[in-house]
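*Asks:* File data-v7.cif below, mmCIF, C-alpha atoms:
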```cif
data_protein
#
loop_
_atom_site.label_atom_id
_atom_site.label_comp_id
_atom_site.auth_asym_id
_atom_site.auth_seq_id
_atom_site.Cartn_x
_atom_site.Cartn_y
_atom_site.Cartn_z
CA VAL A 6 -105.00 32.34 -61.12
CA THR A 7 -106.37 29.68 -58.81
CA ASP A 8 -106.19 29.55 -55.02
CA MET A 9 -104.38 26.22 -55.43
CA GLU A 10 -101.49 27.93 -57.26
CA PHE A 11 -101.06 30.46 -54.45
CA GLN A 12 -101.27 27.72 -51.84
CA ARG A 13 -98.49 25.85 -53.66
CA LEU A 14 -96.30 28.99 -53.63
CA LEU A 15 -96.99 29.48 -49.93
CA ASN A 16 -96.11 25.89 -49.08
CA GLN A 17 -92.99 26.03 -51.24
CA TYR A 18 -91.49 29.23 -49.90
CA PHE A 19 -92.88 29.99 -46.48
CA ASN A 20 -94.05 26.70 -44.88
CA ILE A 21 -97.48 28.26 -44.49
CA LYS A 22 -98.81 25.24 -42.59
CA THR A 23 -96.94 26.40 -39.50
CA MET A 24 -97.58 30.09 -40.16
CA ALA A 25 -101.33 29.86 -40.73
CA SER A 26 -101.99 29.29 -37.05
CA LYS A 27 -100.67 32.73 -36.06
CA THR A 28 -101.51 36.28 -37.05
CA LEU A 29 -99.15 37.42 -39.78
CA GLY A 30 -99.91 41.09 -39.38
CA ASP A 31 -102.66 43.63 -38.93
CA VAL A 32 -102.61 45.86 -41.97
CA LYS A 33 -103.48 49.41 -40.98
CA VAL A 34 -105.05 50.94 -44.08
CA GLU A 35 -108.25 52.75 -44.87
CA GLU A 36 -111.17 50.32 -45.12
CA GLU A 37 -112.00 51.14 -48.72
CA ARG A 38 -108.55 49.87 -49.73
CA GLU A 39 -109.18 46.45 -48.21
CA ARG A 40 -111.12 44.88 -51.08
CA ILE A 41 -109.63 41.38 -50.74
CA VAL A 42 -110.87 38.98 -48.06
CA PRO A 43 -108.09 38.82 -45.40
CA GLU A 44 -107.75 35.00 -45.44
CA THR A 45 -107.31 34.38 -49.18
CA PRO A 46 -104.04 32.72 -50.29
CA ILE A 47 -102.92 35.91 -52.06
CA VAL A 48 -103.20 37.87 -48.78
CA LYS A 49 -101.36 35.13 -46.88
CA PHE A 50 -98.67 35.09 -49.55
CA VAL A 51 -98.03 38.86 -49.45
CA ASN A 52 -98.10 38.93 -45.64
CA SER A 53 -95.73 35.95 -45.49
CA LEU A 54 -93.36 37.57 -47.99
CA ILE A 55 -93.27 40.80 -45.98
CA GLU A 56 -92.74 38.96 -42.69
CA ASP A 57 -89.96 36.86 -44.22
CA ALA A 58 -88.23 40.01 -45.56
CA ILE A 59 -88.42 41.65 -42.12
CA ASN A 60 -87.09 38.51 -40.41
CA GLN A 61 -84.10 38.65 -42.77
CA ASN A 62 -83.51 42.38 -42.05
CA ALA A 63 -84.24 43.35 -45.66
CA SER A 64 -84.55 47.06 -46.41
CA ASP A 65 -86.40 46.56 -49.72
CA ILE A 66 -88.44 44.01 -51.66
CA HIS A 67 -88.14 44.08 -55.47
CA PHE A 68 -90.54 42.56 -58.00
CA ASP A 69 -88.69 42.48 -61.34
CA PRO A 70 -90.70 41.25 -64.37
CA GLU A 71 -88.97 39.11 -66.98
CA LYS A 72 -90.33 37.31 -70.05
CA GLU A 73 -91.46 34.07 -68.38
CA TYR A 74 -91.69 35.01 -64.70
CA THR A 75 -91.21 37.79 -62.14
CA ARG A 76 -88.11 37.70 -59.95
CA VAL A 77 -88.55 38.54 -56.26
CA ARG A 78 -85.45 39.90 -54.53
CA TYR A 79 -84.61 41.32 -51.09
CA ARG A 80 -82.01 44.00 -50.46
CA ILE A 81 -80.02 42.85 -47.42
CA ASP A 82 -76.98 44.82 -46.20
CA GLY A 83 -77.13 46.84 -49.42
CA MET A 84 -76.98 43.81 -51.75
CA LEU A 85 -79.87 42.35 -53.79
CA ILE A 86 -80.46 38.65 -53.13
CA ASP A 87 -82.72 36.38 -55.22
CA VAL A 88 -85.60 34.94 -53.17
CA MET A 89 -87.90 33.26 -55.71
CA THR A 90 -89.43 33.43 -59.16
CA VAL A 91 -93.19 33.85 -59.50
CA PRO A 92 -95.02 32.50 -62.60
CA LYS A 93 -96.75 34.88 -65.00
CA GLY A 94 -100.37 35.45 -63.99
CA VAL A 95 -99.60 34.89 -60.33
CA ASP A 96 -97.34 37.98 -60.28
CA ASP A 97 -100.20 40.27 -61.40
CA SER A 98 -102.30 39.22 -58.41
CA ILE A 99 -99.42 39.80 -55.97
CA ILE A 100 -98.68 43.26 -57.37
CA SER A 101 -102.40 44.15 -57.35
CA ARG A 102 -102.58 43.16 -53.68
CA VAL A 103 -99.64 45.40 -52.76
CA LYS A 104 -101.14 48.27 -54.79
CA VAL A 105 -104.48 47.87 -52.99
CA LEU A 106 -102.70 48.14 -49.64
CA SER A 107 -100.79 51.19 -50.85
CA GLY A 108 -103.83 53.08 -52.14
CA MET A 109 -102.62 52.89 -55.74
CA ASP A 110 -104.72 52.46 -58.90
CA ILE A 111 -104.66 48.73 -59.73
CA ALA A 112 -106.08 49.38 -63.23
CA GLU A 113 -103.15 51.66 -64.13
CA LYS A 114 -100.29 49.35 -65.10
CA ARG A 115 -98.08 51.60 -67.25
CA ARG A 116 -97.80 54.96 -65.52
CA ALA A 117 -95.42 55.40 -62.56
CA GLN A 118 -97.23 55.39 -59.21
CA ASP A 119 -96.26 55.86 -55.57
CA GLY A 120 -98.10 54.75 -52.45
CA ARG A 121 -97.60 53.78 -48.84
CA PHE A 122 -99.14 51.71 -46.07
CA SER A 123 -98.45 50.58 -42.50
CA MET A 124 -98.36 47.08 -41.06
CA LYS A 125 -97.91 45.70 -37.56
CA ILE A 126 -95.71 42.59 -37.38
CA HIS A 127 -94.48 40.93 -34.16
CA GLY A 128 -95.99 43.89 -32.29
CA LYS A 129 -93.84 46.44 -34.19
CA GLU A 130 -95.05 49.15 -36.55
CA TYR A 131 -93.59 49.21 -40.07
CA ASP A 132 -94.12 51.75 -42.84
CA PHE A 133 -93.85 50.72 -46.48
CA ARG A 134 -93.13 53.10 -49.35
CA VAL A 135 -94.18 51.55 -52.66
CA SER A 136 -93.29 52.55 -56.23
CA SER A 137 -94.41 50.91 -59.48
CA ILE A 138 -93.93 51.45 -63.20
CA GLY A 139 -94.85 49.54 -66.35
CA THR A 140 -92.05 47.77 -68.22
CA ARG A 141 -91.78 45.65 -71.38
CA PHE A 142 -92.65 42.43 -69.50
CA GLY A 143 -95.10 43.81 -66.92
CA GLU A 144 -95.15 45.94 -63.81
CA LYS A 145 -91.99 46.50 -61.76
CA LEU A 146 -92.72 47.19 -58.11
CA GLU A 147 -90.40 48.15 -55.25
CA MET A 148 -91.23 48.25 -51.54
CA ARG A 149 -89.03 50.15 -49.06
CA ILE A 150 -89.39 48.85 -45.49
CA LEU A 151 -89.13 51.39 -42.66
CA ASN A 152 -89.14 50.21 -39.05
CA LYS A 153 -90.84 53.04 -37.14
CA ALA A 154 -89.65 51.71 -33.79
CA GLN A 155 -86.08 51.02 -34.88
CA VAL A 156 -83.62 51.79 -32.12
CA LEU A 157 -81.43 54.74 -33.04
CA ILE A 158 -77.75 53.99 -33.45
CA GLU A 159 -75.70 56.00 -31.00
CA LEU A 160 -73.26 58.44 -32.60
CA GLU A 161 -70.38 56.42 -31.14
CA ARG A 162 -71.52 53.30 -33.02
CA LEU A 163 -71.92 54.79 -36.52
CA GLY A 164 -68.40 53.77 -37.52
CA MET A 165 -66.39 56.99 -37.32
CA LEU A 166 -62.74 56.53 -36.38
CA PRO A 167 -62.07 57.99 -32.87
CA SER A 168 -60.19 60.98 -34.32
CA GLN A 169 -63.06 61.64 -36.77
CA GLN A 170 -65.71 61.48 -34.06
CA LYS A 171 -63.84 64.03 -31.97
CA ILE A 172 -63.73 66.45 -34.93
CA PHE A 173 -67.40 65.84 -35.78
CA GLU A 174 -68.61 66.42 -32.21
CA LYS A 175 -66.65 69.69 -32.13
CA ILE A 176 -68.33 70.79 -35.39
CA VAL A 177 -71.91 70.07 -34.27
CA SER A 178 -71.38 71.65 -30.84
CA LYS A 179 -71.25 75.09 -32.50
CA PRO A 180 -74.39 77.23 -31.97
CA TYR A 181 -74.92 78.16 -35.63
CA GLY A 182 -73.77 77.34 -39.15
CA MET A 183 -74.46 74.56 -41.64
CA VAL A 184 -73.35 70.92 -41.46
CA LEU A 185 -73.86 68.79 -44.57
CA VAL A 186 -73.86 65.00 -44.85
CA THR A 187 -73.23 63.68 -48.35
CA GLY A 188 -73.19 60.33 -50.12
CA PRO A 189 -75.21 58.26 -52.59
CA THR A 190 -78.71 56.94 -51.88
CA GLY A 191 -78.65 54.28 -49.17
CA SER A 192 -75.30 55.33 -47.68
CA GLY A 193 -76.71 55.99 -44.20
CA LYS A 194 -76.99 59.80 -44.33
CA THR A 195 -80.37 59.94 -42.56
CA THR A 196 -79.14 57.62 -39.80
CA THR A 197 -76.15 59.92 -39.21
CA LEU A 198 -78.41 62.97 -39.02
CA TYR A 199 -80.83 61.29 -36.60
CA SER A 200 -78.01 60.04 -34.37
CA THR A 201 -76.59 63.58 -34.33
CA LEU A 202 -79.96 65.13 -33.45
CA ASN A 203 -80.42 62.57 -30.69
CA LYS A 204 -77.03 63.57 -29.25
CA LEU A 205 -77.90 67.29 -29.45
CA ASN A 206 -81.42 66.84 -28.07
CA THR A 207 -81.42 68.44 -24.62
CA PRO A 208 -84.34 70.13 -22.79
CA GLU A 209 -82.94 73.63 -23.34
CA LYS A 210 -82.86 73.26 -27.14
CA SER A 211 -85.70 73.48 -29.67
CA ILE A 212 -85.15 71.10 -32.60
CA VAL A 213 -87.37 71.02 -35.70
CA THR A 214 -87.05 68.82 -38.80
CA ILE A 215 -88.61 68.77 -42.25
CA GLU A 216 -88.38 65.35 -43.92
CA ASP A 217 -89.60 63.26 -46.85
CA PRO A 218 -90.51 60.84 -45.39
CA ILE A 219 -90.16 60.84 -41.59
CA GLU A 220 -88.15 57.63 -41.19
CA TYR A 221 -87.76 57.55 -37.40
CA GLU A 222 -89.87 59.09 -34.67
CA LEU A 223 -87.68 61.21 -32.40
CA LYS A 224 -88.91 62.05 -28.90
CA GLY A 225 -88.68 65.70 -27.94
CA ILE A 226 -88.21 66.82 -31.55
CA VAL A 227 -90.86 68.45 -33.77
CA GLN A 228 -90.94 66.60 -37.11
CA ILE A 229 -92.71 67.91 -40.22
CA GLN A 230 -93.54 65.68 -43.19
CA VAL A 231 -93.19 67.07 -46.74
CA ASN A 232 -96.66 67.06 -48.32
CA PRO A 233 -96.86 68.82 -51.72
CA LYS A 234 -100.67 68.36 -51.84
CA ALA A 235 -100.92 70.45 -48.67
CA GLY A 236 -98.39 72.95 -50.03
CA ILE A 237 -95.54 71.73 -47.80
CA THR A 238 -92.32 71.31 -49.79
CA PHE A 239 -88.78 71.44 -48.39
CA SER A 240 -88.56 75.15 -49.22
CA THR A 241 -92.04 76.26 -48.03
CA GLY A 242 -91.85 74.05 -44.94
CA LEU A 243 -88.40 75.35 -44.07
CA ARG A 244 -89.57 78.95 -44.34
CA SER A 245 -92.54 78.18 -42.07
CA LEU A 246 -90.54 76.38 -39.40
CA LEU A 247 -88.16 79.36 -39.08
CA ARG A 248 -91.10 81.09 -37.36
CA LEU A 249 -91.22 78.32 -34.72
CA ASP A 250 -88.15 79.71 -32.88
CA PRO A 251 -85.91 76.66 -33.38
CA ASP A 252 -82.29 76.38 -32.26
CA ILE A 253 -81.47 73.44 -34.52
CA ILE A 254 -83.05 72.66 -37.91
CA MET A 255 -82.73 69.46 -39.90
CA VAL A 256 -83.67 69.60 -43.60
CA GLY A 257 -83.98 66.11 -45.10
CA GLU A 258 -82.28 67.09 -48.36
CA ILE A 259 -81.10 70.17 -50.24
CA ARG A 260 -82.44 69.46 -53.72
CA ASP A 261 -82.62 72.88 -55.34
CA LEU A 262 -81.43 76.48 -55.14
CA GLU A 263 -84.58 77.71 -53.39
CA THR A 264 -84.19 75.23 -50.50
CA ALA A 265 -80.44 75.94 -50.35
CA LYS A 266 -81.01 79.71 -50.09
CA ILE A 267 -83.51 79.37 -47.22
CA ALA A 268 -81.23 76.90 -45.42
CA PHE A 269 -78.29 79.32 -45.75
CA GLU A 270 -80.49 82.17 -44.53
CA ALA A 271 -81.41 80.08 -41.47
CA ALA A 272 -77.76 79.28 -40.71
CA LEU A 273 -76.84 82.96 -41.12
CA THR A 274 -79.49 84.05 -38.61
CA GLY A 275 -78.21 82.04 -35.66
CA HIS A 276 -79.47 78.50 -36.28
CA LEU A 277 -77.54 75.24 -36.54
CA VAL A 278 -78.74 73.66 -39.80
CA LEU A 279 -78.14 70.00 -40.65
CA SER A 280 -78.94 68.59 -44.09
CA THR A 281 -77.94 66.11 -46.80
CA ILE A 282 -76.83 66.57 -50.39
CA HIS A 283 -75.78 64.19 -53.19
CA THR A 284 -72.06 64.43 -54.03
CA ASN A 285 -69.18 61.94 -54.15
CA ASP A 286 -67.04 63.31 -51.34
CA ALA A 287 -66.69 66.14 -48.82
CA PRO A 288 -64.61 68.64 -50.88
CA SER A 289 -66.89 68.38 -53.96
CA THR A 290 -69.90 69.28 -51.76
CA LEU A 291 -68.59 72.83 -51.38
CA VAL A 292 -68.16 73.20 -55.15
CA ARG A 293 -71.63 71.68 -55.73
CA LEU A 294 -73.23 74.42 -53.58
CA ILE A 295 -71.51 77.09 -55.69
CA ASP A 296 -72.64 75.32 -58.89
CA LEU A 297 -76.17 75.32 -57.47
CA GLY A 298 -76.06 79.13 -57.33
CA ILE A 299 -74.87 79.95 -53.80
CA GLU A 300 -72.19 82.67 -53.75
CA PRO A 301 -68.69 81.41 -52.79
CA TYR A 302 -68.42 83.96 -49.94
CA LEU A 303 -71.69 82.59 -48.46
CA VAL A 304 -70.53 78.97 -48.72
CA SER A 305 -67.23 79.86 -47.03
CA SER A 306 -68.86 81.78 -44.17
CA VAL A 307 -71.90 79.55 -43.49
CA VAL A 308 -70.77 75.92 -43.91
CA ILE A 309 -68.87 74.74 -40.81
CA GLY A 310 -68.38 71.07 -41.71
CA VAL A 311 -69.04 68.39 -44.33
CA VAL A 312 -69.34 64.64 -43.75
CA ALA A 313 -69.08 62.19 -46.67
CA GLN A 314 -69.99 58.58 -46.01
CA ARG A 315 -70.51 55.09 -47.37
CA LEU A 316 -71.77 51.84 -45.85
CA VAL A 317 -69.61 48.72 -46.05
CA ARG A 318 -70.62 45.21 -45.03
CA THR A 319 -68.96 43.89 -41.89
CA ILE A 320 -67.36 40.45 -41.65
CA CYS A 321 -69.66 37.81 -40.15
CA PRO A 322 -68.53 37.22 -36.52
CA VAL A 323 -69.58 33.55 -36.66
CA CYS A 324 -67.33 32.50 -39.57
CA LYS A 325 -64.56 35.14 -39.34
CA ILE A 326 -61.11 33.67 -40.05
CA ASP A 327 -57.53 34.94 -40.48
CA TYR A 328 -55.84 34.83 -43.87
CA LYS A 329 -52.55 35.98 -45.39
CA PRO A 330 -53.18 38.78 -47.90
CA SER A 331 -51.70 38.71 -51.40
CA ARG A 332 -48.83 40.98 -52.45
CA GLU A 333 -51.31 43.14 -54.38
CA GLU A 334 -53.57 43.54 -51.33
CA MET A 335 -50.61 44.51 -49.13
CA GLU A 336 -49.38 47.08 -51.66
CA ILE A 337 -52.85 48.67 -51.81
CA LEU A 338 -53.24 48.69 -48.01
CA PHE A 339 -49.72 49.47 -46.81
CA GLY A 340 -47.91 50.74 -49.91
CA GLU A 341 -45.44 47.88 -49.50
CA VAL A 342 -45.23 44.13 -48.95
CA LYS A 343 -45.07 43.24 -45.25
CA GLU A 344 -44.22 39.94 -43.61
CA ASP A 345 -46.39 38.32 -40.93
CA VAL A 346 -49.50 40.37 -41.77
CA LEU A 347 -52.87 38.67 -41.29
CA LEU A 348 -56.24 40.07 -42.32
CA LYS A 349 -59.79 38.86 -41.61
CA LYS A 350 -62.53 37.53 -43.87
CA GLY A 351 -65.71 35.46 -43.52
CA LYS A 352 -65.62 31.99 -45.01
CA GLY A 353 -69.46 31.87 -45.21
CA CYS A 354 -71.98 30.12 -42.97
CA SER A 355 -75.74 29.75 -42.45
CA SER A 356 -75.72 32.79 -40.12
CA CYS A 357 -74.68 35.12 -42.98
CA ASN A 358 -76.42 33.32 -45.88
CA PHE A 359 -72.95 32.09 -46.90
CA THR A 360 -71.86 35.60 -47.93
CA GLY A 361 -69.15 36.02 -45.27
CA TYR A 362 -70.74 39.32 -44.21
CA LYS A 363 -73.36 40.28 -41.64
CA GLY A 364 -74.47 43.84 -40.93
CA ARG A 365 -72.93 47.12 -42.09
CA THR A 366 -70.90 49.97 -40.70
CA GLY A 367 -70.16 53.50 -41.86
CA VAL A 368 -66.96 54.73 -43.48
CA PHE A 369 -66.50 58.49 -43.15
CA GLU A 370 -64.61 61.50 -44.48
CA ILE A 371 -64.99 64.54 -42.20
CA LEU A 372 -64.03 68.00 -43.41
CA PRO A 373 -64.05 70.83 -40.84
CA ILE A 374 -64.07 74.25 -42.54
CA THR A 375 -60.90 75.91 -41.27
CA ARG A 376 -59.71 79.45 -41.96
CA ARG A 377 -57.48 78.28 -44.85
CA ILE A 378 -60.27 76.17 -46.39
CA ARG A 379 -62.59 79.23 -46.22
CA GLU A 380 -60.06 81.27 -48.20
CA ILE A 381 -59.80 78.53 -50.85
CA ILE A 382 -63.63 78.32 -51.19
CA LYS A 383 -63.92 82.11 -51.42
CA GLY A 384 -61.33 82.08 -54.20
CA GLY A 385 -63.49 79.68 -56.23
CA GLU A 386 -60.86 76.93 -56.33
CA SER A 387 -61.57 73.35 -57.45
CA SER A 388 -62.50 70.45 -55.15
CA GLU A 389 -59.02 68.95 -55.81
CA ILE A 390 -57.35 72.04 -54.27
CA ILE A 391 -59.75 71.89 -51.30
CA ARG A 392 -58.93 68.18 -50.84
CA MET A 393 -55.17 68.76 -50.96
CA GLU A 394 -55.38 71.40 -48.23
CA ALA A 395 -57.82 69.34 -46.13
CA GLU A 396 -55.56 66.28 -46.24
CA ARG A 397 -52.54 68.47 -45.43
CA GLU A 398 -54.48 69.59 -42.34
CA GLY A 399 -55.16 65.96 -41.36
CA MET A 400 -58.46 64.97 -43.01
CA VAL A 401 -58.78 61.18 -43.39
CA SER A 402 -60.19 60.38 -46.85
CA LEU A 403 -62.99 57.88 -47.44
CA ILE A 404 -60.63 55.31 -48.92
CA GLU A 405 -58.10 55.69 -46.08
CA ALA A 406 -60.89 55.32 -43.50
CA GLY A 407 -61.99 52.18 -45.36
CA PHE A 408 -58.44 50.79 -45.29
CA GLU A 409 -58.34 51.37 -41.52
CA LYS A 410 -61.49 49.24 -41.16
CA VAL A 411 -59.75 46.46 -43.12
CA LYS A 412 -56.66 46.62 -40.88
CA MET A 413 -58.93 46.52 -37.80
CA GLY A 414 -60.56 43.30 -39.07
CA ILE A 415 -64.01 44.91 -39.42
CA THR A 416 -64.42 44.53 -43.19
CA THR A 417 -62.48 43.28 -46.21
CA LEU A 418 -60.42 45.09 -48.83
CA GLU A 419 -62.67 43.62 -51.52
CA GLU A 420 -65.72 45.19 -49.84
CA VAL A 421 -64.07 48.61 -49.41
CA LEU A 422 -63.02 48.68 -53.08
CA ARG A 423 -66.54 47.61 -54.12
CA VAL A 424 -68.07 50.60 -52.34
CA ILE A 425 -65.36 53.29 -52.57
CA ARG A 426 -63.39 54.07 -55.72
CA LEU A 427 -59.62 54.23 -55.16
CA GLU A 428 -59.48 57.86 -56.33
CA GLU A 429 -61.93 58.84 -53.59
#
```
Could I get this file's structure written as structure tokens?

*Replies:*
Amino acid sequence: VTDMEFQRLLNQYFNIKTMASKTLGDVKVEEERERIVPETPIVKFVNSLIEDAINQNASDIHFDPEKEYTRVRYRIDGMLIDVMTVPKGVDDSIISRVKVLSGMDIAEKRRAQDGRFSMKIHGKEYDFRVSSIGTRFGEKLEMRILNKAQVLIELERLGMLPSQQKIFEKIVSKPYGMVLVTGPTGSGKTTTLYSTLNKLNTPEKSIVTIEDPIEYELKGIVQIQVNPKAGITFSTGLRSLLRLDPDIIMVGEIRDLETAKIAFEAALTGHLVLSTIHTNDAPSTLVRLIDLGIEPYLVSSVVIGVVAQRLVRTICPVCKIDYKPSREEMEILFGEVKEDVLLKKGKGCSSCNFTGYKGRTGVFEILPITRRIREIIKGGESSEIIRMEAEREGMVSLIEAGFEKVKMGITTLEEVLRVIRLEE
């Protein structure tokens, strides 16, 4: 692959003539990784791509190989957007460059690999987690972008309805017990945990976390990174940090029975434990713990609250307009057809890449563990029975919380139904 081909790509996609005069980023990696001269077109191309992704608030960059080219896509507001196609031959050099930065083996093109590196852009530190694997048409590579200096979202701005926030703050104000945040990958669970820790972080409290990876740096909080090579897993790290006299513990994720048992032990011995787990909704989280091997009586006595969440795109404020919903939309939202009802949507503009959406907000389902819910858990009942009782006691379901956001003009019904199934 010639320098001329890279220069053509740079000119085509990033207007490199104007960018070449400024520093695109100081890559902070070990010197032995830096085997490519910093000013070659390939280096400029990768730096420009990364800077462009950050400027567009992308959370990920995907390199997807196809028969005749590799597709480059950004994930913005949870959606993948096509950026460019890169010719065969050129794509190998780009992927090799990223693998060099990440400390990965550039000769190994079939086996799955993971790596990471840091980069400073516009004076801000970014971490990149990189994964690659060989496919039929070449290497697929994915880069997750983590802004180390990202400003934490205040608890009040996560997207909970006022009634939900009141319940949640009451749950996390308790001195001990377990609070679980659940949802699929990329649903904002870590952000919710960090915002909660930030709210609870006062001088008289000792807060310790164990994470994989540490996504935000929290002042006044001791953060431990999972490192299997050093013998630090979620379970071993959690057992060790119990000796550090913490008041509040955050475990990045409960993945197995061993971690769950230690987390329950911590909550039983006077600690407030916050963690995440993968389930569809709040009631099914309690059943999942029992399926994992935790006794029902322990689940009922230790868990004090469960939060299920999703992220929905918010309507672009620049091109937001009123529209009259269809009969079908009104029946879904209100259970009946109403006259003189107007909803909001984005018509699409340059500010939102003509999607009609800009930014995201959380949609929540918050389940406090009441006396009656404890009895149902202890009796080994299904998640459907737990849900029925929780909703009888006033729990707002994910879908109902989503509908409220539509009525408030924050998002659209189409977006809520894309993210949350009606039965949820």

*Asks:* Extract, using all atoms listed in the file, all DNA, RNA and protein residues at most 7 Å from segment 93-104 of chain A, discarding same-chain residues fewer than 5 positions from it, and format them as a PyMOL selection string.

*Replies:* chain A and resi 6+47+51+73-75+109-111

*Asks:* Run the PyMOL selection byres ((chain A and resi 244) around 12) mentally over the shown coordinates, then write out the matched residues as a count of residues only, using the chain letters and numbers from the document.

*Replies:* 28

*Asks:* Evaluate the PyMOL selection byres ((chain A and resi 414-418) around 8) here and jot the selected residues down as a ChimeraX atom specification.

*Replies:* /A:317-320,334,348-350,408,410-413,419-422

*Asks:* For segment 71-187 of chain A against segment 193-209 of chain A, with a cut-off of 12 Å and counting only C-alpha atoms, what is the closest atom pair and its distance in Å to one decimal for every residue that makes the cut, ordered by chain and number, as CSV?

*Replies:*
```
residue,atom,partner,partner_atom,distance
A:Asp82,CA,A:Gly193,CA,11.4
A:Gly83,CA,A:Gly193,CA,10.5
A:Gln155,CA,A:Thr196,CA,10.8
A:Val156,CA,A:Ser200,CA,10.2
A:Leu157,CA,A:Ser200,CA,6.4
A:Ile158,CA,A:Ser200,CA,6.1
A:Glu159,CA,A:Ser200,CA,5.7
A:Leu160,CA,A:Ser200,CA,5.3
A:Glu161,CA,A:Ser200,CA,9.0
A:Arg162,CA,A:Ser200,CA,9.5
A:Leu163,CA,A:Thr197,CA,7.2
A:Gly164,CA,A:Thr197,CA,10.0
A:Met165,CA,A:Thr197,CA,10.4
A:Gln170,CA,A:Thr201,CA,11.1
A:Phe173,CA,A:Thr201,CA,9.6
A:Glu174,CA,A:Thr201,CA,8.7
A:Lys175,CA,A:Leu205,CA,11.8
A:Ile176,CA,A:Thr201,CA,11.0
A:Val177,CA,A:Thr201,CA,8.0
A:Ser178,CA,A:Leu205,CA,8.0
A:Lys179,CA,A:Leu205,CA,10.7
A:Pro180,CA,A:Leu205,CA,10.8
A:Val184,CA,A:Leu198,CA,9.7
A:Leu185,CA,A:Leu198,CA,9.2
A:Val186,CA,A:Lys194,CA,6.1
A:Thr187,CA,A:Lys194,CA,6.7
```

*Asks:* Give me, please, the distance in Å between atom CA of Ile378 of chain A and atom CA of Ser192 of chain A, quoted to one decimal.

*Replies:*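 Separating atom CA of Ile378 of chain A from atom CA of Ser192 of chain A is a distance of 25.7 Å.
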
*Asks:* Could you tell me how far atom CA of Cys354 of chain A lies from atom CA of Cys324 of chain A, in Å and to one decimal?

*Replies:*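 Atom-to-atom, atom CA of Cys354 of chain A and atom CA of Cys324 of chain A are spaced 6.2 Å apart.
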
*Asks:* Using all atoms listed in the file, can you tell me which of A:Ile404, A:Val278, A:Leu294, A:Leu338 comes closest to Ala313 of chain A?

*Replies:*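 Closest to Ala313 of chain A, using all atoms listed in the file: A:Ile404.
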
*Asks:* In Å to one decimal, how far is atom CA of Leu151 of chain A from atom CA of Ala406 of chain A?

*Replies:*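 According to the coordinates, atom CA of Ala406 of chain A and atom CA of Leu151 of chain A are separated by 28.5 Å.
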
*Asks:* Residues picked by the PyMOL selection byres ((chain A and resi 400) around 12) here, as JSON, numbers by chain?

*Replies:* {"A": [166, 168, 169, 172, 173, 287, 288, 310, 311, 312, 313, 369, 370, 371, 372, 373, 374, 375, 378, 391, 392, 393, 394, 395, 396, 397, 398, 399, 401, 402, 403, 404, 405, 406]}

*Asks:* Give as a PyMOL selection string each residue that has an atom at most 12 Å from (-69.7, 29.6, -36.3) in the file, counting all atoms listed in the file.

*Replies:* chain A and resi 321-326+351-357+359+361

*Asks:* Please rebuild segment 394-404 of chain A with N, CA and C atoms and return the result as a compact mmCIF listing (two decimals), in the frame of the given file.

*Replies:*
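Contents of selection19.txt, as written:
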```txt
# COMPACT_ATOMS: atom_id res chain seq x y z
N GLU A 394 -55.57 70.63 -49.47
CA GLU A 394 -55.38 71.40 -48.23
C GLU A 394 -55.97 70.65 -47.04
N ALA A 395 -57.17 70.07 -47.22
CA ALA A 395 -57.82 69.34 -46.13
C ALA A 395 -56.97 68.17 -45.66
N GLU A 396 -56.39 67.42 -46.61
CA GLU A 396 -55.56 66.28 -46.24
C GLU A 396 -54.24 66.74 -45.61
N ARG A 397 -53.75 67.90 -46.06
CA ARG A 397 -52.54 68.47 -45.43
C ARG A 397 -52.82 68.82 -43.97
N GLU A 398 -54.09 69.23 -43.70
CA GLU A 398 -54.48 69.59 -42.34
C GLU A 398 -54.90 68.37 -41.51
N GLY A 399 -54.90 67.18 -42.13
CA GLY A 399 -55.16 65.96 -41.36
C GLY A 399 -56.45 65.24 -41.66
N MET A 400 -57.21 65.67 -42.69
CA MET A 400 -58.46 64.97 -43.01
C MET A 400 -58.16 63.55 -43.50
N VAL A 401 -58.90 62.57 -42.95
CA VAL A 401 -58.78 61.18 -43.39
C VAL A 401 -59.78 60.98 -44.52
N SER A 402 -59.30 60.56 -45.70
CA SER A 402 -60.19 60.38 -46.85
C SER A 402 -61.06 59.14 -46.67
N LEU A 403 -62.11 59.05 -47.48
CA LEU A 403 -62.99 57.88 -47.44
C LEU A 403 -62.21 56.59 -47.62
N ILE A 404 -61.35 56.56 -48.63
CA ILE A 404 -60.63 55.31 -48.92
C ILE A 404 -59.67 54.95 -47.79
```
